[in-house]
Amino acid sequence: MNKWEERWHPLREEWVIIAAHRQDRPWHGETAASNTQNSAEYLKGCYLCPGNERIGGVRNDNYRDIFIFDNDHPCVGPRAPREIETPPGIYRNRAADGLARVVCYSPKHNATLAELTLSDIKTLLMAWQEQYVELGARPEVNHVLIFENKGEVVGVSNTHPHCQIYATNFVFKSIETEAAASQNYFGKTGRTLFQDILAAECEDGRRIIYENSSAIAFVPYFARYAYECYVAPKETHPGLSGLSRMEVSDFAEALKIMLVRYDNLWRMPFPYVMVLHQAPTDGADYSTFHFHIEFHPPLRKPNLLKYLAGPEIGGGNFLSDTLPEEKARELRTLPDIHYKAAPGVSLA
Ligand SMILES: [Zn+2]
Ligand SMILES: [Zn+2]
């Protein structure tokens with residue numbers, strides 16, 4: 001039976017999405033056509049390229065910059081069954097209500113976020129702002145998770161540059177934990193936790209990859225992954241939508257430089273999970289929450305995956321085999337021009 005619902009995990013106190021109805025969704029990854037690095041700008045068989053037909057028969061717009069659509073195989077959505085089997089005893093379940101979307105960054109199949117121009121990245125940030133506001137305003141949506149999985153090692157099913165949005169009826173656990181930590185810290189000290197993290201990073205200085213007047217990129221002191229990085233505005237805003245035009249501009253620059261350095265590290269498209277940490281949209285007060293983007297790269301070396309095993313999966317805490325200061329030093333010394341860009345091409 002293809003069940004689709006949310007189940008409460010009473011020991012972890014979090015929701016698990018059961019999306020067994022997606023088992024038969026099409027697999028587009030691992031094919032020679034979509035994964036060759038030097039593939040063409042347009043791919044006939046790609047369901048994200050402009051004008052192409054998606055599964056289910058919907059045709060993509062002939063889009064020129066950004067294209068956003070509701071996921072054809074959503075894990076949360078208005079079509080999730082309302083009538084679900086009542087579980088026994090203490091068990092709880094509910095409808096997987098919400099909305100899942102796909103955001104194509106560019107009509108160019110062979111582009112990556114790192115290779116987009118600064119102005120394209122700014123446009124994308126503004127699109128994310130709009131999505132957060134629009135989806136967050138829906139009564140059934142308590143949180144908007146925007147993320148990009150990049151690279152085969154994190155299981156991308158299509159290399160066309162895109163990210164996903166899960167607008168859910170629950171708050172994702174990492175955000176809930178960060179929001180609670182920020183609130184507790186404020187209660188105890190009257191200070192904003194993320195501001196004190198930034199202050200400590202600036203005082204040390206060794207893990208800062210880039211900064212400008214209002215944005216900063218750094219490997220956190222407490223990094224769990226070898227090349228983990230945070231990109232954040234210097235001012236506290238609970239969500240990306242709170243950033244002014246100037247701040248968006250500065251943020252785009254910090255993001256672009258971080259992405260370029262990642263790709264330059266091993267002169268290959270650098271795999272990562274990128275996630276926007278924005279405050280929940282459940283109506284509570286999140287004024288102490290500081291929006292930031294987190295990068296969780298799964299590789300320690302070009303062909304060496306950081307396996308999540310006993311401590312991480314079994315225990316829930318990370319064991320890092322690398323020193324954040326050393327990894328930050330590697331990233332700090334790399335050029336800001338993408339290795340694929342022609343000589344003389346400027347950042348913009
Ligand atoms: Zn494509
Ligand atoms: Zn975070």
# chains A, B, ... in the order shown; residues from 1 in each chain; ligands from 1
>>> residues_near_ligand(ligand="ligand 1", cutoff="8 Å", atoms="only C-alpha atoms and all ligand atoms", output="PDB file with N, CA and C atoms, in the first residue's frame")
ATOM      1  N   SER A  34      22.459  13.116 -18.673  1.00  0.00           N
ATOM      2  CA  SER A  34      22.252  14.269 -17.791  1.00  0.00           C
ATOM      3  C   SER A  34      23.446  14.535 -16.886  1.00  0.00           C
ATOM      4  N   GLU A  41      23.708  23.200 -23.220  1.00  0.00           N
ATOM      5  CA  GLU A  41      22.860  24.147 -22.502  1.00  0.00           C
ATOM      6  C   GLU A  41      21.415  23.676 -22.447  1.00  0.00           C
ATOM      7  N   TYR A  42      21.013  22.913 -23.469  1.00  0.00           N
ATOM      8  CA  TYR A  42      19.643  22.407 -23.507  1.00  0.00           C
ATOM      9  C   TYR A  42      19.679  20.896 -23.708  1.00  0.00           C
ATOM     10  N   LEU A  43      18.847  20.192 -22.954  1.00  0.00           N
ATOM     11  CA  LEU A  43      18.805  18.740 -23.067  1.00  0.00           C
ATOM     12  C   LEU A  43      17.365  18.315 -23.326  1.00  0.00           C
ATOM     13  N   LYS A  44      17.201  17.627 -24.420  1.00  0.00           N
ATOM     14  CA  LYS A  44      15.857  17.224 -24.842  1.00  0.00           C
ATOM     15  C   LYS A  44      15.139  16.372 -23.795  1.00  0.00           C
ATOM     16  N   GLY A  45      15.886  15.484 -23.173  1.00  0.00           N
ATOM     17  CA  GLY A  45      15.257  14.556 -22.231  1.00  0.00           C
ATOM     18  C   GLY A  45      15.143  15.078 -20.804  1.00  0.00           C
ATOM     19  N   CYS A  46      15.512  16.357 -20.569  1.00  0.00           N
ATOM     20  CA  CYS A  46      15.502  16.893 -19.206  1.00  0.00           C
ATOM     21  C   CYS A  46      14.135  17.478 -18.883  1.00  0.00           C
ATOM     22  N   TYR A  47      13.562  17.077 -17.778  1.00  0.00           N
ATOM     23  CA  TYR A  47      12.219  17.568 -17.447  1.00  0.00           C
ATOM     24  C   TYR A  47      12.225  18.955 -16.814  1.00  0.00           C
ATOM     25  N   LEU A  48      13.448  19.550 -16.666  1.00  0.00           N
ATOM     26  CA  LEU A  48      13.518  20.906 -16.121  1.00  0.00           C
ATOM     27  C   LEU A  48      13.919  21.948 -17.180  1.00  0.00           C
ATOM     28  N   CYS A  49      14.372  21.500 -18.322  1.00  0.00           N
ATOM     29  CA  CYS A  49      14.767  22.440 -19.373  1.00  0.00           C
ATOM     30  C   CYS A  49      13.535  23.153 -19.944  1.00  0.00           C
ATOM     31  N   PRO A  50      13.713  24.405 -20.419  1.00  0.00           N
ATOM     32  CA  PRO A  50      12.575  25.199 -20.917  1.00  0.00           C
ATOM     33  C   PRO A  50      11.814  24.478 -22.031  1.00  0.00           C
ATOM     34  N   PRO A 107      17.746  28.656 -17.239  1.00  0.00           N
ATOM     35  CA  PRO A 107      17.332  27.781 -18.335  1.00  0.00           C
ATOM     36  C   PRO A 107      18.488  26.908 -18.839  1.00  0.00           C
ATOM     37  N   LYS A 108      19.720  27.283 -18.477  1.00  0.00           N
ATOM     38  CA  LYS A 108      20.883  26.532 -18.974  1.00  0.00           C
ATOM     39  C   LYS A 108      21.094  25.249 -18.186  1.00  0.00           C
ATOM     40  N   HIS A 109      20.936  24.141 -18.863  1.00  0.00           N
ATOM     41  CA  HIS A 109      21.040  22.833 -18.214  1.00  0.00           C
ATOM     42  C   HIS A 109      22.421  22.603 -17.600  1.00  0.00           C
ATOM     43  N   ASN A 110      23.444  23.134 -18.241  1.00  0.00           N
ATOM     44  CA  ASN A 110      24.816  22.839 -17.805  1.00  0.00           C
ATOM     45  C   ASN A 110      25.398  23.879 -16.852  1.00  0.00           C
ATOM     46  N   ASN A 158      18.529  14.983 -11.008  1.00  0.00           N
ATOM     47  CA  ASN A 158      18.681  15.723 -12.270  1.00  0.00           C
ATOM     48  C   ASN A 158      19.713  16.822 -12.057  1.00  0.00           C
ATOM     49  N   THR A 159      20.709  16.910 -12.940  1.00  0.00           N
ATOM     50  CA  THR A 159      21.787  17.889 -12.739  1.00  0.00           C
ATOM     51  C   THR A 159      21.398  19.303 -13.182  1.00  0.00           C
ATOM     52  N   HIS A 160      20.242  19.470 -13.798  1.00  0.00           N
ATOM     53  CA  HIS A 160      19.784  20.822 -14.150  1.00  0.00           C
ATOM     54  C   HIS A 160      19.761  21.656 -12.853  1.00  0.00           C
ATOM     55  N   PRO A 161      20.385  22.880 -12.873  1.00  0.00           N
ATOM     56  CA  PRO A 161      20.516  23.617 -11.608  1.00  0.00           C
ATOM     57  C   PRO A 161      19.153  24.011 -11.018  1.00  0.00           C
TER      58      PRO A 161
END
>>> closest_atom_pairs(of="chain A", to="ligand 2", cutoff="9 Å", atoms="only C-alpha atoms and all ligand atoms", output="CSV")
residue,atom,partner,partner_atom_place_in_ligand_line,distance
A:Ser174,CA,ligand 2,1 (Zn),7.0
A:Ile175,CA,ligand 2,1 (Zn),6.6
A:Glu178,CA,ligand 2,1 (Zn),6.4
A:Tyr230,CA,ligand 2,1 (Zn),8.0
A:Val275,CA,ligand 2,1 (Zn),8.3
A:Leu276,CA,ligand 2,1 (Zn),7.7
A:His277,CA,ligand 2,1 (Zn),5.1
A:Gln278,CA,ligand 2,1 (Zn),8.1
A:His290,CA,ligand 2,1 (Zn),8.4
A:Phe291,CA,ligand 2,1 (Zn),7.6
A:His292,CA,ligand 2,1 (Zn),6.3
A:Ile293,CA,ligand 2,1 (Zn),6.9
A:Glu294,CA,ligand 2,1 (Zn),6.1
>>> residues_around(residues="A:Gly98", least_positions_apart="4", cutoff="12 Å", atoms="only C-alpha atoms", output="VMD selection string")
chain A and resid 5 to 6 17 70 to 71 74 to 81 94 135 to 145 165 to 171
>>> atom_distance(atom1="atom CA of A:Glu134", atom2="atom CA of A:Gly51")
25.6 Å
>>> select_by_dssp(residues="stretch 123-163 of chain A", states="strand (DSSP E)", output="tab-separated table (two decimals) with all heavy atoms, in the first residue's frame")
chain	number	residue	atom	x	y	z
A	143	HIS	N	6.39	26.28	8.31
A	143	HIS	CA	7.82	26.45	8.05
A	143	HIS	C	8.10	26.27	6.56
A	143	HIS	O	7.48	25.44	5.90
A	143	HIS	CB	8.62	25.41	8.85
A	143	HIS	CG	10.09	25.54	8.66
A	143	HIS	ND1	10.88	24.53	8.18
A	143	HIS	CD2	10.91	26.60	8.84
A	143	HIS	CE1	12.13	24.95	8.10
A	143	HIS	NE2	12.18	26.20	8.48
A	144	VAL	N	9.06	27.06	6.05
A	144	VAL	CA	9.43	26.96	4.64
A	144	VAL	C	10.90	26.55	4.57
A	144	VAL	O	11.78	27.33	4.95
A	144	VAL	CB	9.21	28.32	3.93
A	144	VAL	CG1	9.60	28.22	2.46
A	144	VAL	CG2	7.77	28.79	4.08
A	145	LEU	N	11.15	25.34	4.12
A	145	LEU	CA	12.52	24.86	3.99
A	145	LEU	C	12.94	24.93	2.53
A	145	LEU	O	12.35	24.28	1.67
A	145	LEU	CB	12.64	23.41	4.50
A	145	LEU	CG	14.08	22.90	4.62
A	145	LEU	CD1	14.72	23.40	5.92
A	145	LEU	CD2	14.16	21.38	4.59
A	146	ILE	N	13.97	25.74	2.26
A	146	ILE	CA	14.50	25.87	0.91
A	146	ILE	C	15.88	25.22	0.90
A	146	ILE	O	16.72	25.54	1.75
A	146	ILE	CB	14.61	27.36	0.49
A	146	ILE	CG1	13.24	28.03	0.57
A	146	ILE	CG2	15.20	27.48	-0.92
A	146	ILE	CD1	13.24	29.53	0.23
A	147	PHE	N	16.09	24.28	-0.02
A	147	PHE	CA	17.38	23.57	-0.02
A	147	PHE	C	17.75	23.12	-1.42
A	147	PHE	O	16.91	22.93	-2.28
A	147	PHE	CB	17.32	22.35	0.91
A	147	PHE	CG	16.33	21.30	0.48
A	147	PHE	CD1	16.73	20.21	-0.29
A	147	PHE	CD2	14.99	21.41	0.82
A	147	PHE	CE1	15.83	19.25	-0.70
A	147	PHE	CE2	14.07	20.45	0.40
A	147	PHE	CZ	14.48	19.37	-0.35
A	148	GLU	N	19.07	22.96	-1.60
A	148	GLU	CA	19.57	22.39	-2.86
A	148	GLU	C	20.46	21.20	-2.55
A	148	GLU	O	21.39	21.30	-1.74
A	148	GLU	CB	20.40	23.42	-3.66
A	148	GLU	CG	20.94	22.83	-4.96
A	148	GLU	CD	21.98	23.69	-5.68
A	148	GLU	OE1	22.19	24.86	-5.28
A	148	GLU	OE2	22.61	23.18	-6.62
A	149	ASN	N	20.19	20.08	-3.18
A	149	ASN	CA	21.09	18.94	-3.15
A	149	ASN	C	21.91	19.00	-4.42
A	149	ASN	O	21.35	19.05	-5.51
A	149	ASN	CB	20.31	17.63	-3.13
A	149	ASN	CG	19.39	17.52	-1.93
A	149	ASN	OD1	19.68	18.07	-0.87
A	149	ASN	ND2	18.27	16.84	-2.09
A	150	LYS	N	23.23	19.03	-4.28
A	150	LYS	CA	24.07	19.11	-5.48
A	150	LYS	C	25.08	17.97	-5.51
A	150	LYS	O	25.82	17.79	-4.55
A	150	LYS	CB	24.79	20.46	-5.54
A	150	LYS	CG	25.66	20.63	-6.77
A	150	LYS	CD	26.26	22.04	-6.82
A	150	LYS	CE	27.39	22.10	-7.82
A	150	LYS	NZ	28.61	22.68	-7.25
A	162	HIS	N	18.87	23.47	-9.86
A	162	HIS	CA	17.58	23.76	-9.23
A	162	HIS	C	17.63	23.49	-7.73
A	162	HIS	O	18.53	22.81	-7.25
A	162	HIS	CB	16.48	22.90	-9.85
A	162	HIS	CG	16.56	21.44	-9.50
A	162	HIS	ND1	17.51	20.59	-10.04
A	162	HIS	CD2	15.83	20.68	-8.65
A	162	HIS	CE1	17.34	19.38	-9.54
A	162	HIS	NE2	16.33	19.39	-8.70
A	163	CYS	N	16.69	24.06	-7.02
A	163	CYS	CA	16.53	23.74	-5.61
A	163	CYS	C	15.08	23.38	-5.35
A	163	CYS	O	14.25	23.43	-6.26
A	163	CYS	CB	16.97	24.91	-4.72
A	163	CYS	SG	15.82	26.30	-4.73
>>> closest_residue(among="A:Glu130, A:Glu203, A:Asp282, A:Asp196", to="A:Ser241", atoms="only C-alpha atoms")
A:Glu130
>>> residues_around(residues="A:Ser213", least_positions_apart="2", cutoff="8 Å", atoms="only C-alpha atoms", output="short mmCIF file (atom, residue, chain, number, x, y, z; two decimals) with all heavy atoms, in the first residue's frame")
data_model
loop_
_atom_site.label_atom_id
_atom_site.label_comp_id
_atom_site.auth_asym_id
_atom_site.auth_seq_id
_atom_site.Cartn_x
_atom_site.Cartn_y
_atom_site.Cartn_z
N GLU A 211 34.21 38.45 3.81
CA GLU A 211 33.20 39.34 4.39
C GLU A 211 33.19 40.67 3.65
O GLU A 211 34.20 41.10 3.09
CB GLU A 211 33.39 39.53 5.90
CG GLU A 211 34.55 40.37 6.32
CD GLU A 211 34.55 40.59 7.85
OE1 GLU A 211 33.55 41.09 8.40
OE2 GLU A 211 35.58 40.26 8.48
N ALA A 215 27.64 41.25 4.89
CA ALA A 215 27.52 39.79 4.83
C ALA A 215 28.85 39.12 5.15
O ALA A 215 29.92 39.73 5.01
CB ALA A 215 27.04 39.35 3.45
N ASP A 250 24.98 42.42 -1.06
CA ASP A 250 26.17 41.97 -0.33
C ASP A 250 26.12 40.47 -0.08
O ASP A 250 27.13 39.76 -0.18
CB ASP A 250 26.27 42.69 1.04
CG ASP A 250 26.81 44.10 0.91
OD1 ASP A 250 27.24 44.48 -0.21
OD2 ASP A 250 26.80 44.84 1.92
#
>>> select_by_dssp(residues="stretch 111-192 of chain A", states="alpha helix (DSSP H)", output="PyMOL selection string")
chain A and resi 118-136+173-189
>>> closest_residue(among="A:Gly283, A:Ile121, A:Tyr307, A:Asn212", to="A:Leu319", atoms="only C-alpha atoms")
A:Tyr307
>>> residues_around(residues="A:Pro87", least_positions_apart="5", cutoff="10 Å", atoms="only C-alpha atoms", output="list of chain:residue names")
A:Arg7, A:Arg92, A:Asn93
>>> write_last_selection(atoms="all heavy atoms", output="PDB file, in the first residue's frame")
ATOM      1  N   ARG A   7       3.961  10.790  10.456  1.00  0.00           N
ATOM      2  CA  ARG A   7       3.887  10.026  11.704  1.00  0.00           C
ATOM      3  C   ARG A   7       4.773  10.672  12.761  1.00  0.00           C
ATOM      4  O   ARG A   7       5.902  11.075  12.471  1.00  0.00           O
ATOM      5  CB  ARG A   7       4.324   8.571  11.464  1.00  0.00           C
ATOM      6  CG  ARG A   7       3.378   7.835  10.544  1.00  0.00           C
ATOM      7  CD  ARG A   7       3.705   6.374  10.426  1.00  0.00           C
ATOM      8  NE  ARG A   7       2.725   5.729   9.556  1.00  0.00           N
ATOM      9  CZ  ARG A   7       2.739   4.438   9.245  1.00  0.00           C
ATOM     10  NH1 ARG A   7       3.688   3.656   9.734  1.00  0.00           N
ATOM     11  NH2 ARG A   7       1.808   3.930   8.456  1.00  0.00           N
ATOM     12  N   ARG A  92       0.566   8.670  16.779  1.00  0.00           N
ATOM     13  CA  ARG A  92      -0.150   9.789  16.169  1.00  0.00           C
ATOM     14  C   ARG A  92       0.231   9.916  14.709  1.00  0.00           C
ATOM     15  O   ARG A  92       1.402   9.719  14.353  1.00  0.00           O
ATOM     16  CB  ARG A  92       0.246  11.107  16.861  1.00  0.00           C
ATOM     17  CG  ARG A  92      -0.466  11.365  18.178  1.00  0.00           C
ATOM     18  CD  ARG A  92      -0.440  12.865  18.457  1.00  0.00           C
ATOM     19  NE  ARG A  92       0.875  13.326  18.931  1.00  0.00           N
ATOM     20  CZ  ARG A  92       1.333  14.566  18.757  1.00  0.00           C
ATOM     21  NH1 ARG A  92       0.618  15.457  18.081  1.00  0.00           N
ATOM     22  NH2 ARG A  92       2.510  14.919  19.224  1.00  0.00           N
ATOM     23  N   ASN A  93      -0.705  10.274  13.880  1.00  0.00           N
ATOM     24  CA  ASN A  93      -0.394  10.591  12.485  1.00  0.00           C
ATOM     25  C   ASN A  93      -1.293  11.743  12.041  1.00  0.00           C
ATOM     26  O   ASN A  93      -2.204  12.147  12.760  1.00  0.00           O
ATOM     27  CB  ASN A  93      -0.550   9.366  11.584  1.00  0.00           C
ATOM     28  CG  ASN A  93      -1.979   8.854  11.540  1.00  0.00           C
ATOM     29  OD1 ASN A  93      -2.858   9.327  12.266  1.00  0.00           O
ATOM     30  ND2 ASN A  93      -2.214   7.861  10.715  1.00  0.00           N
TER      31      ASN A  93
END
>>> atom_distance(atom1="atom CA of A:Ala19", atom2="atom CA of A:Val103")
20.8 Å
>>> closest_residue(among="A:His73, A:Lys188, A:Lys234, A:Arg101", to="A:Cys202", atoms="only C-alpha atoms")
A:Lys234
>>> closest_residue(among="A:Gln183, A:Thr189, A:Thr322, A:Gln195", to="A:Leu299", atoms="only C-alpha atoms")
A:Thr322
>>> closest_residue(among="A:Ala232, A:Val153, A:Leu11, A:Ala328", to="A:Val273", atoms="only C-alpha atoms")
A:Val153
>>> residues_around(residues="A:Arg261", least_positions_apart="5", cutoff="7 Å", atoms="only C-alpha atoms", output="list in words")
Leu331, Leu334, Pro335 and Asp336 of chain A
>>> residues_around(residues="A:Phe67", least_positions_apart="3", cutoff="8 Å", atoms="only C-alpha atoms", output="PDB file with N, CA and C atoms, in the first residue's frame")
ATOM      1  N   ASP A  61       7.390  26.356 -18.976  1.00  0.00           N
ATOM      2  CA  ASP A  61       7.438  27.616 -19.722  1.00  0.00           C
ATOM      3  C   ASP A  61       8.748  27.664 -20.510  1.00  0.00           C
ATOM      4  N   TYR A  63      11.113  29.562 -20.139  1.00  0.00           N
ATOM      5  CA  TYR A  63      11.604  30.568 -19.199  1.00  0.00           C
ATOM      6  C   TYR A  63      13.014  31.042 -19.541  1.00  0.00           C
ATOM      7  N   VAL A 103      12.469  25.067  -7.883  1.00  0.00           N
ATOM      8  CA  VAL A 103      12.932  26.343  -8.423  1.00  0.00           C
ATOM      9  C   VAL A 103      14.105  26.076  -9.365  1.00  0.00           C
ATOM     10  N   CYS A 104      13.908  26.296 -10.665  1.00  0.00           N
ATOM     11  CA  CYS A 104      15.015  26.187 -11.618  1.00  0.00           C
ATOM     12  C   CYS A 104      15.756  27.519 -11.624  1.00  0.00           C
ATOM     13  N   TYR A 105      17.069  27.447 -11.377  1.00  0.00           N
ATOM     14  CA  TYR A 105      17.860  28.683 -11.278  1.00  0.00           C
ATOM     15  C   TYR A 105      18.071  29.350 -12.622  1.00  0.00           C
ATOM     16  N   SER A 106      18.138  28.508 -13.660  1.00  0.00           N
ATOM     17  CA  SER A 106      18.570  29.010 -14.959  1.00  0.00           C
ATOM     18  C   SER A 106      18.031  28.091 -16.049  1.00  0.00           C
TER      19      SER A 106
END
>>> decode(residues="stretch 60-70 of chain A", atoms="all heavy atoms", output="mmCIF file, in the first residue's frame")
data_model
loop_
_atom_site.group_PDB
_atom_site.id
_atom_site.type_symbol
_atom_site.label_atom_id
_atom_site.label_comp_id
_atom_site.auth_asym_id
_atom_site.auth_seq_id
_atom_site.Cartn_x
_atom_site.Cartn_y
_atom_site.Cartn_z
ATOM 1 N N ASN A 60 6.882 22.798 -19.386
ATOM 2 C CA ASN A 60 7.563 23.941 -18.763
ATOM 3 C C ASN A 60 7.417 25.181 -19.631
ATOM 4 O O ASN A 60 7.359 25.082 -20.859
ATOM 5 C CB ASN A 60 9.063 23.658 -18.599
ATOM 6 C CG ASN A 60 9.340 22.551 -17.602
ATOM 7 O OD1 ASN A 60 8.576 22.334 -16.677
ATOM 8 N ND2 ASN A 60 10.438 21.844 -17.807
ATOM 9 N N ASP A 61 7.390 26.356 -18.976
ATOM 10 C CA ASP A 61 7.438 27.616 -19.722
ATOM 11 C C ASP A 61 8.748 27.664 -20.510
ATOM 12 O O ASP A 61 9.709 26.994 -20.167
ATOM 13 C CB ASP A 61 7.449 28.816 -18.761
ATOM 14 C CG ASP A 61 6.137 28.933 -18.009
ATOM 15 O OD1 ASP A 61 5.191 28.172 -18.324
ATOM 16 O OD2 ASP A 61 6.071 29.779 -17.101
ATOM 17 N N ASN A 62 8.764 28.538 -21.505
ATOM 18 C CA ASN A 62 10.038 28.826 -22.168
ATOM 19 C C ASN A 62 10.751 29.907 -21.366
ATOM 20 O O ASN A 62 10.954 31.016 -21.831
ATOM 21 C CB ASN A 62 9.799 29.279 -23.607
ATOM 22 C CG ASN A 62 9.679 28.078 -24.521
ATOM 23 O OD1 ASN A 62 10.553 27.211 -24.526
ATOM 24 N ND2 ASN A 62 8.588 28.014 -25.262
ATOM 25 N N TYR A 63 11.113 29.562 -20.139
ATOM 26 C CA TYR A 63 11.604 30.568 -19.199
ATOM 27 C C TYR A 63 13.014 31.042 -19.541
ATOM 28 O O TYR A 63 13.788 30.308 -20.155
ATOM 29 C CB TYR A 63 11.517 30.028 -17.764
ATOM 30 C CG TYR A 63 12.383 28.829 -17.452
ATOM 31 C CD1 TYR A 63 13.607 28.995 -16.800
ATOM 32 C CD2 TYR A 63 11.986 27.537 -17.757
ATOM 33 C CE1 TYR A 63 14.403 27.904 -16.475
ATOM 34 C CE2 TYR A 63 12.776 26.445 -17.442
ATOM 35 C CZ TYR A 63 13.981 26.625 -16.804
ATOM 36 O OH TYR A 63 14.771 25.552 -16.492
ATOM 37 N N ARG A 64 13.305 32.301 -19.091
ATOM 38 C CA ARG A 64 14.590 32.903 -19.436
ATOM 39 C C ARG A 64 15.492 33.123 -18.234
ATOM 40 O O ARG A 64 16.697 33.257 -18.379
ATOM 41 C CB ARG A 64 14.381 34.244 -20.151
ATOM 42 C CG ARG A 64 13.709 34.050 -21.480
ATOM 43 C CD ARG A 64 13.554 35.350 -22.231
ATOM 44 N NE ARG A 64 12.950 35.099 -23.534
ATOM 45 C CZ ARG A 64 13.634 34.658 -24.588
ATOM 46 N NH1 ARG A 64 14.933 34.470 -24.508
ATOM 47 N NH2 ARG A 64 13.009 34.439 -25.730
ATOM 48 N N ASP A 65 14.922 33.205 -17.031
ATOM 49 C CA ASP A 65 15.810 33.316 -15.866
ATOM 50 C C ASP A 65 15.481 32.266 -14.806
ATOM 51 O O ASP A 65 16.165 31.274 -14.680
ATOM 52 C CB ASP A 65 15.834 34.732 -15.277
ATOM 53 C CG ASP A 65 14.459 35.376 -15.192
ATOM 54 O OD1 ASP A 65 13.463 34.653 -15.032
ATOM 55 O OD2 ASP A 65 14.388 36.611 -15.261
ATOM 56 N N ILE A 66 14.378 32.484 -14.066
ATOM 57 C CA ILE A 66 14.030 31.541 -13.003
ATOM 58 C C ILE A 66 12.661 30.956 -13.296
ATOM 59 O O ILE A 66 11.777 31.659 -13.807
ATOM 60 C CB ILE A 66 14.039 32.268 -11.635
ATOM 61 C CG1 ILE A 66 15.494 32.564 -11.232
ATOM 62 C CG2 ILE A 66 13.363 31.445 -10.550
ATOM 63 C CD1 ILE A 66 15.607 33.476 -10.041
ATOM 64 N N PHE A 67 12.481 29.693 -12.995
ATOM 65 C CA PHE A 67 11.196 29.038 -13.237
ATOM 66 C C PHE A 67 10.803 28.237 -11.996
ATOM 67 O O PHE A 67 11.573 27.405 -11.516
ATOM 68 C CB PHE A 67 11.313 28.123 -14.461
ATOM 69 C CG PHE A 67 10.061 27.352 -14.766
ATOM 70 C CD1 PHE A 67 8.838 27.997 -14.901
ATOM 71 C CD2 PHE A 67 10.101 25.972 -14.920
ATOM 72 C CE1 PHE A 67 7.683 27.279 -15.189
ATOM 73 C CE2 PHE A 67 8.949 25.253 -15.210
ATOM 74 C CZ PHE A 67 7.735 25.907 -15.348
ATOM 75 N N ILE A 68 9.612 28.548 -11.462
ATOM 76 C CA ILE A 68 9.158 27.903 -10.229
ATOM 77 C C ILE A 68 7.849 27.166 -10.492
ATOM 78 O O ILE A 68 6.932 27.729 -11.094
ATOM 79 C CB ILE A 68 8.950 28.964 -9.115
ATOM 80 C CG1 ILE A 68 10.256 29.733 -8.886
ATOM 81 C CG2 ILE A 68 8.472 28.303 -7.809
ATOM 82 C CD1 ILE A 68 10.159 30.893 -7.924
ATOM 83 N N PHE A 69 7.770 25.930 -10.075
ATOM 84 C CA PHE A 69 6.518 25.191 -10.257
ATOM 85 C C PHE A 69 6.279 24.230 -9.092
ATOM 86 O O PHE A 69 7.216 23.881 -8.366
ATOM 87 C CB PHE A 69 6.524 24.440 -11.593
ATOM 88 C CG PHE A 69 7.585 23.369 -11.715
ATOM 89 C CD1 PHE A 69 7.306 22.055 -11.362
ATOM 90 C CD2 PHE A 69 8.861 23.671 -12.183
ATOM 91 C CE1 PHE A 69 8.272 21.064 -11.473
ATOM 92 C CE2 PHE A 69 9.840 22.681 -12.294
ATOM 93 C CZ PHE A 69 9.541 21.372 -11.933
ATOM 94 N N ASP A 70 5.022 23.823 -8.916
ATOM 95 C CA ASP A 70 4.682 22.858 -7.870
ATOM 96 C C ASP A 70 5.217 21.484 -8.270
ATOM 97 O O ASP A 70 5.025 21.050 -9.409
ATOM 98 C CB ASP A 70 3.155 22.783 -7.682
ATOM 99 C CG ASP A 70 2.607 24.039 -7.011
ATOM 100 O OD1 ASP A 70 3.423 24.866 -6.535
ATOM 101 O OD2 ASP A 70 1.374 24.205 -6.972
#
